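I have placed the structure first, in the form of structure tokens, so that the comments after it can refer back to it.
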Amino acid sequence: MQKLQNYILGKWIAGDGDGTPQFNAYTGEIISTASDAGLDFAQILEYGRKTGGPPLRKMTFPERGRMLKALAFYLLERKEKYYTISHWTGAATRGDSWVDIEGGIGNLFAYSSLRRRFPDEPFHVEGETVRLSKENTFTGHHILVPKRGVAVHINAFNFPIWGMLEKIAVNLLAGVPAVVKASEQTSYLTEAMVRDIVASGILPEGALQLLVGQGRGVLDPVQSQDVVTFTGSAATGKKLRAHPALIEHSVPFTMEADSLNAAILGEDAVPGTPEFDLFIKEVRREMVTKAGQKCTAVRRIIVPENCSMRYRPRLLPC
């Protein structure tokens with residue numbers, strides 16, 4: 001049985017113990033096991049700060065943007081490999097996997113284009129100088145520089161690629177290294193892509209590290225210059241947000257959890273109107289794409305009470 005490896009400290013290392021079994025969603029067979037038990041998370045985060053941080057901070061915004069663009073093209077050339085593996089996750093159609101794979105790579109392209117908005121410097125001067133004293137002897141100006149910590153990304157099972165790429169695109173453009181804690185349920189797909197990223201040599205060493213297991217204790221060594229993001233359930237997110245280390249060091253914490261988006265049909269959007277047709281099209285897509293497991297998927301479908309029963313089967317096919 002294959003045992004996934006973590007990419008930490010510049011090398012591939014398996015965690016201790018049996019790990020979490022990862023199943024093929026169609027056959028029920030075990031694909032691999034994932035563990036990051038026994039790893040020194042304090043050392044891993046410090047490696048990112050000391051090894052990955054300095055070269056990223058030296059790069060200018062345009063250089064970081066071109067790095068993201070080069071990585072996007074590199075991964076796009078290898079996309080068919082990811083489609084094959086993605087099928088094991090239960091993403092039954094190519095369209096389901098496209099959202100995760102090519103949608104994720106698209107984030108790299110999108111953020112690489114933002115380089116044009118920033119100067120050819122490793123920092124960004126924001127806004128105008130503000131006069132703070134009557135004689136103009138005291139002034140203020142915002143200068144944005146990279147944090148000297150790491151970005152710890154805790155990701156969800158349903159987007160093993162998008163979840164990683166959409167987040168690291170941001171921190172890499174900002175000159176900050178990342179430690180990605182992929183979901184232990186589908187981290188075999190994340191690991192496949194990270195192996196290619198490492199092999200490409202496009203990112204500076206230490207700019208990206210990967211944890212494939214449960215990551216218990218990964219937040220214990222965070223410091224004031226670090227940032228943490230979380231995608232998953234609101235219940236878990238609330239527990240992580242209250243972590244003593246985050247509170248003690250005032251670590252920024254961003255949570256994406258339990259969306260409650262709705263699609264609402266207006267009374268004047270009657271059958272035969274473009275709005276009605278668009279409503280039907282979007283509701284259907286939201287129900288079937290990734291089996292409804294998109295973070296932004298519509299959870300509530302609301303129609304007027306006096307909507308004719310003649311059209312309700314079209315609105316609510318279930």
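Identifiers in the structure tokens: chain A, B, ... in order shown; residue index from 1 per chain; ligand index from 1 in order shown.
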Practice task
Would you return as a VMD selection string the members of stretch 84-147 of chain A that DSSP assigns to helix (DSSP H, G or I) on this structure's backbone?
Solution key: chain A and resid 84 to 89 94 to 117
Practice task
Taking the chain letters and numbering used in this document, name the residues of stretch 199-272 of chain A that DSSP puts in strand (DSSP E), as JSON, numbers by chain.
Solution key: {"A": [208, 209, 210, 211, 227, 228, 229, 230, 231, 232, 253, 254, 255, 256, 257, 261, 262, 263, 264]}
Export of prior selection with N, CA and C atoms as a JSON list (two decimals), in the first residue's frame:
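selection_15.json written:
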```json
[["chain", "number", "residue", "atom", "x", "y", "z"],
["A", 208, "LEU", "N", 7.36, 26.58, -0.52],
["A", 208, "LEU", "CA", 6.16, 25.74, -0.41],
["A", 208, "LEU", "C", 6.51, 24.44, 0.30],
["A", 209, "GLN", "N", 5.75, 24.15, 1.35],
["A", 209, "GLN", "CA", 5.86, 22.87, 2.04],
["A", 209, "GLN", "C", 4.46, 22.26, 2.12],
["A", 210, "LEU", "N", 4.40, 20.94, 2.17],
["A", 210, "LEU", "CA", 3.12, 20.24, 2.14],
["A", 210, "LEU", "C", 3.01, 19.25, 3.29],
["A", 211, "LEU", "N", 1.86, 19.28, 3.97],
["A", 211, "LEU", "CA", 1.50, 18.30, 4.97],
["A", 211, "LEU", "C", 0.29, 17.53, 4.46],
["A", 227, "VAL", "N", 0.47, 34.04, 9.13],
["A", 227, "VAL", "CA", -0.96, 34.16, 8.87],
["A", 227, "VAL", "C", -1.52, 32.76, 8.71],
["A", 228, "VAL", "N", -2.80, 32.60, 9.02],
["A", 228, "VAL", "CA", -3.46, 31.29, 8.92],
["A", 228, "VAL", "C", -4.76, 31.45, 8.14],
["A", 229, "THR", "N", -4.99, 30.53, 7.20],
["A", 229, "THR", "CA", -6.28, 30.49, 6.50],
["A", 229, "THR", "C", -6.89, 29.11, 6.71],
["A", 230, "PHE", "N", -8.22, 29.08, 6.72],
["A", 230, "PHE", "CA", -8.93, 27.83, 6.92],
["A", 230, "PHE", "C", -10.14, 27.76, 6.00],
["A", 231, "THR", "N", -10.32, 26.62, 5.35],
["A", 231, "THR", "CA", -11.50, 26.34, 4.56],
["A", 231, "THR", "C", -12.09, 25.03, 5.06],
["A", 232, "GLY", "N", -13.34, 25.05, 5.48],
["A", 232, "GLY", "CA", -13.97, 23.85, 6.02],
["A", 232, "GLY", "C", -15.24, 24.19, 6.75],
["A", 253, "PHE", "N", -6.31, 35.43, 11.04],
["A", 253, "PHE", "CA", -6.96, 34.16, 10.73],
["A", 253, "PHE", "C", -8.13, 34.43, 9.79],
["A", 254, "THR", "N", -8.09, 33.82, 8.62],
["A", 254, "THR", "CA", -9.16, 33.97, 7.63],
["A", 254, "THR", "C", -9.90, 32.65, 7.49],
["A", 255, "MET", "N", -11.22, 32.70, 7.60],
["A", 255, "MET", "CA", -12.02, 31.47, 7.55],
["A", 255, "MET", "C", -13.06, 31.54, 6.44],
["A", 256, "GLU", "N", -13.12, 30.48, 5.65],
["A", 256, "GLU", "CA", -14.16, 30.31, 4.64],
["A", 256, "GLU", "C", -14.92, 29.05, 5.02],
["A", 257, "ALA", "N", -16.19, 29.20, 5.40],
["A", 257, "ALA", "CA", -16.91, 28.04, 5.93],
["A", 257, "ALA", "C", -18.41, 28.13, 5.71],
["A", 261, "ASN", "N", -25.44, 30.44, 0.36],
["A", 261, "ASN", "CA", -25.88, 31.21, -0.79],
["A", 261, "ASN", "C", -27.26, 30.75, -1.27],
["A", 262, "ALA", "N", -28.03, 31.69, -1.82],
["A", 262, "ALA", "CA", -29.37, 31.38, -2.30],
["A", 262, "ALA", "C", -29.56, 31.92, -3.71],
["A", 263, "ALA", "N", -30.42, 31.23, -4.46],
["A", 263, "ALA", "CA", -30.87, 31.72, -5.76],
["A", 263, "ALA", "C", -32.34, 32.07, -5.60],
["A", 264, "ILE", "N", -32.69, 33.31, -5.87],
["A", 264, "ILE", "CA", -34.06, 33.80, -5.65],
["A", 264, "ILE", "C", -34.67, 34.22, -6.98]]
```
Practice task
Would you mind telling me which residue in A:Leu68, A:Ala14, A:Ile197, A:Val179 lies nearest to A:Asp226 when using only C-alpha atoms?
Solution key: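 With only C-alpha atoms as the atom set, the closest residue is A:Val179.
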Handout entry: Residue contacts of A:Lys167 (12 Å, only C-alpha atoms) excluding same-chain residues fewer than 4 positions away, as a ChimeraX atom specification
Key = /A:104-105,107-108,111,151-155,159-163,171-174,176-182,208,227-231,254,256
What would the file look like if the residues just selected were written as an mmCIF file, in the first residue's frame with N, CA and C atoms?
```
data_model
loop_
_atom_site.group_PDB
_atom_site.id
_atom_site.type_symbol
_atom_site.label_atom_id
_atom_site.label_comp_id
_atom_site.auth_asym_id
_atom_site.auth_seq_id
_atom_site.Cartn_x
_atom_site.Cartn_y
_atom_site.Cartn_z
ATOM 1 N N GLY A 104 -8.049 26.018 -10.677
ATOM 2 C CA GLY A 104 -6.973 26.327 -9.736
ATOM 3 C C GLY A 104 -5.776 26.940 -10.420
ATOM 4 N N ILE A 105 -5.380 26.362 -11.551
ATOM 5 C CA ILE A 105 -4.242 26.904 -12.307
ATOM 6 C C ILE A 105 -4.560 28.308 -12.802
ATOM 7 N N ASN A 107 -6.023 30.551 -11.222
ATOM 8 C CA ASN A 107 -5.693 31.502 -10.155
ATOM 9 C C ASN A 107 -4.257 31.994 -10.280
ATOM 10 N N LEU A 108 -3.353 31.096 -10.657
ATOM 11 C CA LEU A 108 -1.954 31.505 -10.836
ATOM 12 C C LEU A 108 -1.835 32.528 -11.948
ATOM 13 N N TYR A 111 -3.401 35.977 -10.702
ATOM 14 C CA TYR A 111 -2.571 36.750 -9.782
ATOM 15 C C TYR A 111 -1.254 37.180 -10.421
ATOM 16 N N ALA A 151 2.642 31.546 5.664
ATOM 17 C CA ALA A 151 1.202 31.410 5.542
ATOM 18 C C ALA A 151 0.855 29.940 5.720
ATOM 19 N N VAL A 152 0.071 29.635 6.746
ATOM 20 C CA VAL A 152 -0.355 28.258 7.005
ATOM 21 C C VAL A 152 -1.763 28.104 6.440
ATOM 22 N N HIS A 153 -1.913 27.249 5.422
ATOM 23 C CA HIS A 153 -3.200 27.068 4.764
ATOM 24 C C HIS A 153 -3.788 25.702 5.120
ATOM 25 N N ILE A 154 -4.927 25.695 5.766
ATOM 26 C CA ILE A 154 -5.624 24.458 6.109
ATOM 27 C C ILE A 154 -6.795 24.327 5.132
ATOM 28 N N ASN A 155 -6.737 23.328 4.262
ATOM 29 C CA ASN A 155 -7.655 23.254 3.132
ATOM 30 C C ASN A 155 -8.682 22.135 3.252
ATOM 31 N N PHE A 159 -11.638 20.494 -2.876
ATOM 32 C CA PHE A 159 -10.820 21.159 -3.887
ATOM 33 C C PHE A 159 -9.338 20.982 -3.553
ATOM 34 N N PRO A 160 -8.794 19.776 -3.783
ATOM 35 C CA PRO A 160 -7.406 19.494 -3.413
ATOM 36 C C PRO A 160 -6.394 20.345 -4.168
ATOM 37 N N ILE A 161 -6.753 20.808 -5.372
ATOM 38 C CA ILE A 161 -5.832 21.629 -6.166
ATOM 39 C C ILE A 161 -6.194 23.103 -6.070
ATOM 40 N N TRP A 162 -7.442 23.425 -6.371
ATOM 41 C CA TRP A 162 -7.864 24.822 -6.289
ATOM 42 C C TRP A 162 -7.566 25.394 -4.907
ATOM 43 N N GLY A 163 -7.925 24.636 -3.865
ATOM 44 C CA GLY A 163 -7.731 25.127 -2.518
ATOM 45 C C GLY A 163 -6.295 25.528 -2.235
ATOM 46 N N ASN A 171 -0.036 34.473 -1.348
ATOM 47 C CA ASN A 171 1.125 34.675 -0.476
ATOM 48 C C ASN A 171 2.430 34.754 -1.261
ATOM 49 N N LEU A 172 2.535 34.008 -2.368
ATOM 50 C CA LEU A 172 3.767 34.067 -3.153
ATOM 51 C C LEU A 172 3.915 35.421 -3.836
ATOM 52 N N LEU A 173 2.825 35.974 -4.344
ATOM 53 C CA LEU A 173 2.896 37.310 -4.951
ATOM 54 C C LEU A 173 3.276 38.345 -3.904
ATOM 55 N N ALA A 174 2.860 38.102 -2.668
ATOM 56 C CA ALA A 174 3.183 39.021 -1.570
ATOM 57 C C ALA A 174 4.565 38.764 -0.978
ATOM 58 N N VAL A 176 5.651 35.817 0.582
ATOM 59 C CA VAL A 176 5.585 35.038 1.824
ATOM 60 C C VAL A 176 5.509 33.547 1.491
ATOM 61 N N PRO A 177 6.312 32.693 2.141
ATOM 62 C CA PRO A 177 6.260 31.247 1.905
ATOM 63 C C PRO A 177 5.020 30.618 2.529
ATOM 64 N N ALA A 178 4.701 29.391 2.102
ATOM 65 C CA ALA A 178 3.489 28.731 2.577
ATOM 66 C C ALA A 178 3.762 27.333 3.101
ATOM 67 N N VAL A 179 2.967 26.945 4.091
ATOM 68 C CA VAL A 179 2.873 25.564 4.544
ATOM 69 C C VAL A 179 1.423 25.141 4.305
ATOM 70 N N VAL A 180 1.219 24.215 3.377
ATOM 71 C CA VAL A 180 -0.130 23.788 3.007
ATOM 72 C C VAL A 180 -0.482 22.512 3.750
ATOM 73 N N LYS A 181 -1.576 22.566 4.516
ATOM 74 C CA LYS A 181 -2.101 21.370 5.179
ATOM 75 C C LYS A 181 -3.306 20.919 4.360
ATOM 76 N N ALA A 182 -3.054 19.975 3.443
ATOM 77 C CA ALA A 182 -4.134 19.477 2.600
ATOM 78 C C ALA A 182 -5.043 18.556 3.406
ATOM 79 N N LEU A 208 7.359 26.581 -0.522
ATOM 80 C CA LEU A 208 6.163 25.743 -0.410
ATOM 81 C C LEU A 208 6.507 24.444 0.300
ATOM 82 N N VAL A 227 0.473 34.036 9.132
ATOM 83 C CA VAL A 227 -0.956 34.164 8.866
ATOM 84 C C VAL A 227 -1.523 32.757 8.709
ATOM 85 N N VAL A 228 -2.805 32.597 9.015
ATOM 86 C CA VAL A 228 -3.459 31.292 8.922
ATOM 87 C C VAL A 228 -4.755 31.448 8.139
ATOM 88 N N THR A 229 -4.991 30.532 7.197
ATOM 89 C CA THR A 229 -6.279 30.493 6.498
ATOM 90 C C THR A 229 -6.894 29.112 6.709
ATOM 91 N N PHE A 230 -8.221 29.084 6.716
ATOM 92 C CA PHE A 230 -8.930 27.826 6.918
ATOM 93 C C PHE A 230 -10.141 27.758 5.998
ATOM 94 N N THR A 231 -10.317 26.616 5.345
ATOM 95 C CA THR A 231 -11.504 26.341 4.559
ATOM 96 C C THR A 231 -12.093 25.028 5.056
ATOM 97 N N THR A 254 -8.094 33.817 8.620
ATOM 98 C CA THR A 254 -9.163 33.974 7.635
ATOM 99 C C THR A 254 -9.900 32.653 7.488
ATOM 100 N N GLU A 256 -13.119 30.477 5.651
ATOM 101 C CA GLU A 256 -14.160 30.310 4.645
ATOM 102 C C GLU A 256 -14.922 29.047 5.019
#
```
What's around A:Arg64 at 12 Å? Count only C-alpha atoms, leave out sequence neighbours fewer than 3 positions away in its own chain, and write the answer as a PDB file with N, CA and C atoms, in the first residue's frame.
```
ATOM      1  N   PRO A  55      14.553  34.678  -0.049  1.00  0.00           N
ATOM      2  CA  PRO A  55      14.585  34.841  -1.511  1.00  0.00           C
ATOM      3  C   PRO A  55      13.286  35.427  -2.072  1.00  0.00           C
ATOM      4  N   LEU A  56      12.153  35.104  -1.467  1.00  0.00           N
ATOM      5  CA  LEU A  56      10.885  35.676  -1.943  1.00  0.00           C
ATOM      6  C   LEU A  56      10.842  37.173  -1.670  1.00  0.00           C
ATOM      7  N   ARG A  57      11.333  37.591  -0.519  1.00  0.00           N
ATOM      8  CA  ARG A  57      11.303  39.018  -0.177  1.00  0.00           C
ATOM      9  C   ARG A  57      12.232  39.839  -1.058  1.00  0.00           C
ATOM     10  N   LYS A  58      13.285  39.224  -1.549  1.00  0.00           N
ATOM     11  CA  LYS A  58      14.217  39.938  -2.425  1.00  0.00           C
ATOM     12  C   LYS A  58      13.650  40.159  -3.826  1.00  0.00           C
ATOM     13  N   MET A  59      12.727  39.303  -4.222  1.00  0.00           N
ATOM     14  CA  MET A  59      12.141  39.417  -5.559  1.00  0.00           C
ATOM     15  C   MET A  59      11.202  40.620  -5.627  1.00  0.00           C
ATOM     16  N   THR A  60      11.134  41.243  -6.792  1.00  0.00           N
ATOM     17  CA  THR A  60      10.190  42.331  -6.992  1.00  0.00           C
ATOM     18  C   THR A  60       8.813  41.761  -7.315  1.00  0.00           C
ATOM     19  N   PHE A  61       7.799  42.604  -7.288  1.00  0.00           N
ATOM     20  CA  PHE A  61       6.459  42.139  -7.639  1.00  0.00           C
ATOM     21  C   PHE A  61       6.405  41.569  -9.051  1.00  0.00           C
ATOM     22  N   MET A  67       7.025  34.456 -11.960  1.00  0.00           N
ATOM     23  CA  MET A  67       7.216  33.134 -11.361  1.00  0.00           C
ATOM     24  C   MET A  67       5.887  32.376 -11.340  1.00  0.00           C
ATOM     25  N   LEU A  68       4.811  33.042 -10.940  1.00  0.00           N
ATOM     26  CA  LEU A  68       3.491  32.414 -10.920  1.00  0.00           C
ATOM     27  C   LEU A  68       3.048  32.020 -12.328  1.00  0.00           C
ATOM     28  N   LYS A  69       3.316  32.875 -13.296  1.00  0.00           N
ATOM     29  CA  LYS A  69       2.927  32.592 -14.678  1.00  0.00           C
ATOM     30  C   LYS A  69       3.680  31.377 -15.213  1.00  0.00           C
ATOM     31  N   ALA A  70       4.971  31.311 -14.933  1.00  0.00           N
ATOM     32  CA  ALA A  70       5.769  30.168 -15.380  1.00  0.00           C
ATOM     33  C   ALA A  70       5.261  28.877 -14.746  1.00  0.00           C
ATOM     34  N   LEU A  71       4.891  28.948 -13.471  1.00  0.00           N
ATOM     35  CA  LEU A  71       4.374  27.771 -12.774  1.00  0.00           C
ATOM     36  C   LEU A  71       3.033  27.349 -13.368  1.00  0.00           C
ATOM     37  N   LEU A 108      -3.353  31.096 -10.657  1.00  0.00           N
ATOM     38  CA  LEU A 108      -1.954  31.505 -10.836  1.00  0.00           C
ATOM     39  C   LEU A 108      -1.835  32.528 -11.948  1.00  0.00           C
ATOM     40  N   PHE A 109      -2.540  32.283 -13.053  1.00  0.00           N
ATOM     41  CA  PHE A 109      -2.530  33.246 -14.159  1.00  0.00           C
ATOM     42  C   PHE A 109      -3.111  34.586 -13.714  1.00  0.00           C
ATOM     43  N   TYR A 111      -3.401  35.977 -10.702  1.00  0.00           N
ATOM     44  CA  TYR A 111      -2.571  36.750  -9.782  1.00  0.00           C
ATOM     45  C   TYR A 111      -1.254  37.180 -10.421  1.00  0.00           C
ATOM     46  N   SER A 112      -0.779  36.404 -11.381  1.00  0.00           N
ATOM     47  CA  SER A 112       0.444  36.825 -12.071  1.00  0.00           C
ATOM     48  C   SER A 112       0.204  38.119 -12.834  1.00  0.00           C
ATOM     49  N   SER A 113      -1.010  38.303 -13.340  1.00  0.00           N
ATOM     50  CA  SER A 113      -1.311  39.522 -14.096  1.00  0.00           C
ATOM     51  C   SER A 113      -1.353  40.758 -13.203  1.00  0.00           C
ATOM     52  N   LEU A 114      -1.564  40.562 -11.895  1.00  0.00           N
ATOM     53  CA  LEU A 114      -1.607  41.706 -10.979  1.00  0.00           C
ATOM     54  C   LEU A 114      -0.247  42.364 -10.818  1.00  0.00           C
ATOM     55  N   ARG A 115       0.796  41.686 -11.261  1.00  0.00           N
ATOM     56  CA  ARG A 115       2.142  42.255 -11.128  1.00  0.00           C
ATOM     57  C   ARG A 115       2.241  43.606 -11.825  1.00  0.00           C
ATOM     58  N   ARG A 116       1.423  43.820 -12.838  1.00  0.00           N
ATOM     59  CA  ARG A 116       1.476  45.074 -13.595  1.00  0.00           C
ATOM     60  C   ARG A 116       0.988  46.257 -12.774  1.00  0.00           C
ATOM     61  N   PHE A 118       1.857  46.793  -9.699  1.00  0.00           N
ATOM     62  CA  PHE A 118       2.826  47.101  -8.663  1.00  0.00           C
ATOM     63  C   PHE A 118       4.142  47.554  -9.287  1.00  0.00           C
ATOM     64  N   PRO A 119       4.927  48.298  -8.541  1.00  0.00           N
ATOM     65  CA  PRO A 119       6.207  48.784  -9.066  1.00  0.00           C
ATOM     66  C   PRO A 119       7.244  47.667  -9.168  1.00  0.00           C
ATOM     67  N   ASP A 120       8.299  47.936  -9.875  1.00  0.00           N
ATOM     68  CA  ASP A 120       9.391  46.974 -10.015  1.00  0.00           C
ATOM     69  C   ASP A 120      10.288  47.041  -8.777  1.00  0.00           C
ATOM     70  N   GLU A 121       9.669  46.768  -7.653  1.00  0.00           N
ATOM     71  CA  GLU A 121      10.325  46.817  -6.349  1.00  0.00           C
ATOM     72  C   GLU A 121       9.804  45.664  -5.503  1.00  0.00           C
ATOM     73  N   PRO A 122      10.526  45.299  -4.449  1.00  0.00           N
ATOM     74  CA  PRO A 122      10.041  44.239  -3.549  1.00  0.00           C
ATOM     75  C   PRO A 122       9.024  44.749  -2.538  1.00  0.00           C
ATOM     76  N   PHE A 123       8.679  46.043  -2.618  1.00  0.00           N
ATOM     77  CA  PHE A 123       7.710  46.649  -1.700  1.00  0.00           C
ATOM     78  C   PHE A 123       6.749  47.513  -2.510  1.00  0.00           C
ATOM     79  N   ILE A 168      -1.886  29.934  -2.315  1.00  0.00           N
ATOM     80  CA  ILE A 168      -0.448  30.199  -2.441  1.00  0.00           C
ATOM     81  C   ILE A 168      -0.167  31.272  -3.494  1.00  0.00           C
ATOM     82  N   ALA A 169      -1.075  31.445  -4.458  1.00  0.00           N
ATOM     83  CA  ALA A 169      -0.886  32.504  -5.443  1.00  0.00           C
ATOM     84  C   ALA A 169      -0.820  33.859  -4.744  1.00  0.00           C
ATOM     85  N   VAL A 170      -1.636  34.026  -3.701  1.00  0.00           N
ATOM     86  CA  VAL A 170      -1.669  35.287  -2.966  1.00  0.00           C
ATOM     87  C   VAL A 170      -0.394  35.486  -2.158  1.00  0.00           C
ATOM     88  N   ASN A 171      -0.036  34.473  -1.348  1.00  0.00           N
ATOM     89  CA  ASN A 171       1.125  34.675  -0.476  1.00  0.00           C
ATOM     90  C   ASN A 171       2.430  34.754  -1.261  1.00  0.00           C
ATOM     91  N   LEU A 172       2.535  34.008  -2.368  1.00  0.00           N
ATOM     92  CA  LEU A 172       3.767  34.067  -3.153  1.00  0.00           C
ATOM     93  C   LEU A 172       3.915  35.421  -3.836  1.00  0.00           C
ATOM     94  N   LEU A 173       2.825  35.974  -4.344  1.00  0.00           N
ATOM     95  CA  LEU A 173       2.896  37.310  -4.951  1.00  0.00           C
ATOM     96  C   LEU A 173       3.276  38.345  -3.904  1.00  0.00           C
ATOM     97  N   ALA A 174       2.860  38.102  -2.668  1.00  0.00           N
ATOM     98  CA  ALA A 174       3.183  39.021  -1.570  1.00  0.00           C
ATOM     99  C   ALA A 174       4.565  38.764  -0.978  1.00  0.00           C
ATOM    100  N   GLY A 175       5.258  37.713  -1.440  1.00  0.00           N
ATOM    101  CA  GLY A 175       6.601  37.444  -0.956  1.00  0.00           C
ATOM    102  C   GLY A 175       6.670  36.663   0.333  1.00  0.00           C
ATOM    103  N   VAL A 176       5.651  35.817   0.582  1.00  0.00           N
ATOM    104  CA  VAL A 176       5.585  35.038   1.824  1.00  0.00           C
ATOM    105  C   VAL A 176       5.509  33.547   1.491  1.00  0.00           C
ATOM    106  N   PRO A 177       6.312  32.693   2.141  1.00  0.00           N
ATOM    107  CA  PRO A 177       6.260  31.247   1.905  1.00  0.00           C
ATOM    108  C   PRO A 177       5.020  30.618   2.529  1.00  0.00           C
ATOM    109  N   ILE A 202      10.831  26.007 -10.097  1.00  0.00           N
ATOM    110  CA  ILE A 202      10.401  27.387 -10.345  1.00  0.00           C
ATOM    111  C   ILE A 202      10.326  28.194  -9.048  1.00  0.00           C
ATOM    112  N   LEU A 203       9.880  27.571  -7.975  1.00  0.00           N
ATOM    113  CA  LEU A 203       9.777  28.268  -6.693  1.00  0.00           C
ATOM    114  C   LEU A 203      11.087  28.153  -5.917  1.00  0.00           C
ATOM    115  N   PRO A 204      11.452  29.180  -5.159  1.00  0.00           N
ATOM    116  CA  PRO A 204      12.630  29.071  -4.294  1.00  0.00           C
ATOM    117  C   PRO A 204      12.423  27.971  -3.259  1.00  0.00           C
ATOM    118  N   ALA A 207       9.744  27.840  -0.230  1.00  0.00           N
ATOM    119  CA  ALA A 207       8.580  28.683  -0.522  1.00  0.00           C
ATOM    120  C   ALA A 207       7.285  27.907  -0.377  1.00  0.00           C
TER     121      ALA A 207
END
```
Within 6 Å of stretch 141-150 of chain A, which residues of stretch 86-136 of chain A come that close, and what is the closest atom pair and distance in Å for each? Count only C-alpha atoms and give it as a Markdown table.
```
| residue | atom | partner | partner_atom | distance |
| --- | --- | --- | --- | --- |
| A:Phe123 | CA | A:Val145 | CA | 4.9 |
| A:His124 | CA | A:Leu144 | CA | 5.0 |
| A:Val125 | CA | A:Ile143 | CA | 4.5 |
| A:Glu126 | CA | A:His142 | CA | 5.3 |
| A:Thr129 | CA | A:His141 | CA | 4.9 |
```
Practice task
Find the residue from A:Asn136, A:Ser86, A:Asn24, A:Thr33 that sits nearest to A:Lys3; use only C-alpha atoms when measuring.
Solution key: A:Thr33
Write out as a PDB file with N, CA and C atoms, in the first residue's frame each polymer residue whose atoms come within 10 Å of A:Lys11, counting only C-alpha atoms; drop sequence neighbours fewer than 3 positions from it.
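Output file selection-v9.pdb follows:
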```
ATOM      1  N   GLN A   5       3.804  10.981   1.160  1.00  0.00           N
ATOM      2  CA  GLN A   5       4.895  11.670   1.845  1.00  0.00           C
ATOM      3  C   GLN A   5       4.597  13.157   1.949  1.00  0.00           C
ATOM      4  N   ASN A   6       5.125  13.744   2.990  1.00  0.00           N
ATOM      5  CA  ASN A   6       5.039  15.184   3.184  1.00  0.00           C
ATOM      6  C   ASN A   6       6.277  15.830   2.561  1.00  0.00           C
ATOM      7  N   TYR A   7       6.114  17.016   1.983  1.00  0.00           N
ATOM      8  CA  TYR A   7       7.295  17.730   1.487  1.00  0.00           C
ATOM      9  C   TYR A   7       7.637  18.821   2.491  1.00  0.00           C
ATOM     10  N   ILE A   8       8.669  18.573   3.285  1.00  0.00           N
ATOM     11  CA  ILE A   8       9.073  19.493   4.339  1.00  0.00           C
ATOM     12  C   ILE A   8      10.593  19.549   4.408  1.00  0.00           C
ATOM     13  N   VAL A 198       7.705  20.946  -7.137  1.00  0.00           N
ATOM     14  CA  VAL A 198       9.070  20.821  -6.609  1.00  0.00           C
ATOM     15  C   VAL A 198      10.038  20.476  -7.729  1.00  0.00           C
ATOM     16  N   GLN A 209       5.745  24.146   1.349  1.00  0.00           N
ATOM     17  CA  GLN A 209       5.863  22.867   2.039  1.00  0.00           C
ATOM     18  C   GLN A 209       4.463  22.259   2.122  1.00  0.00           C
TER      19      GLN A 209
END
```
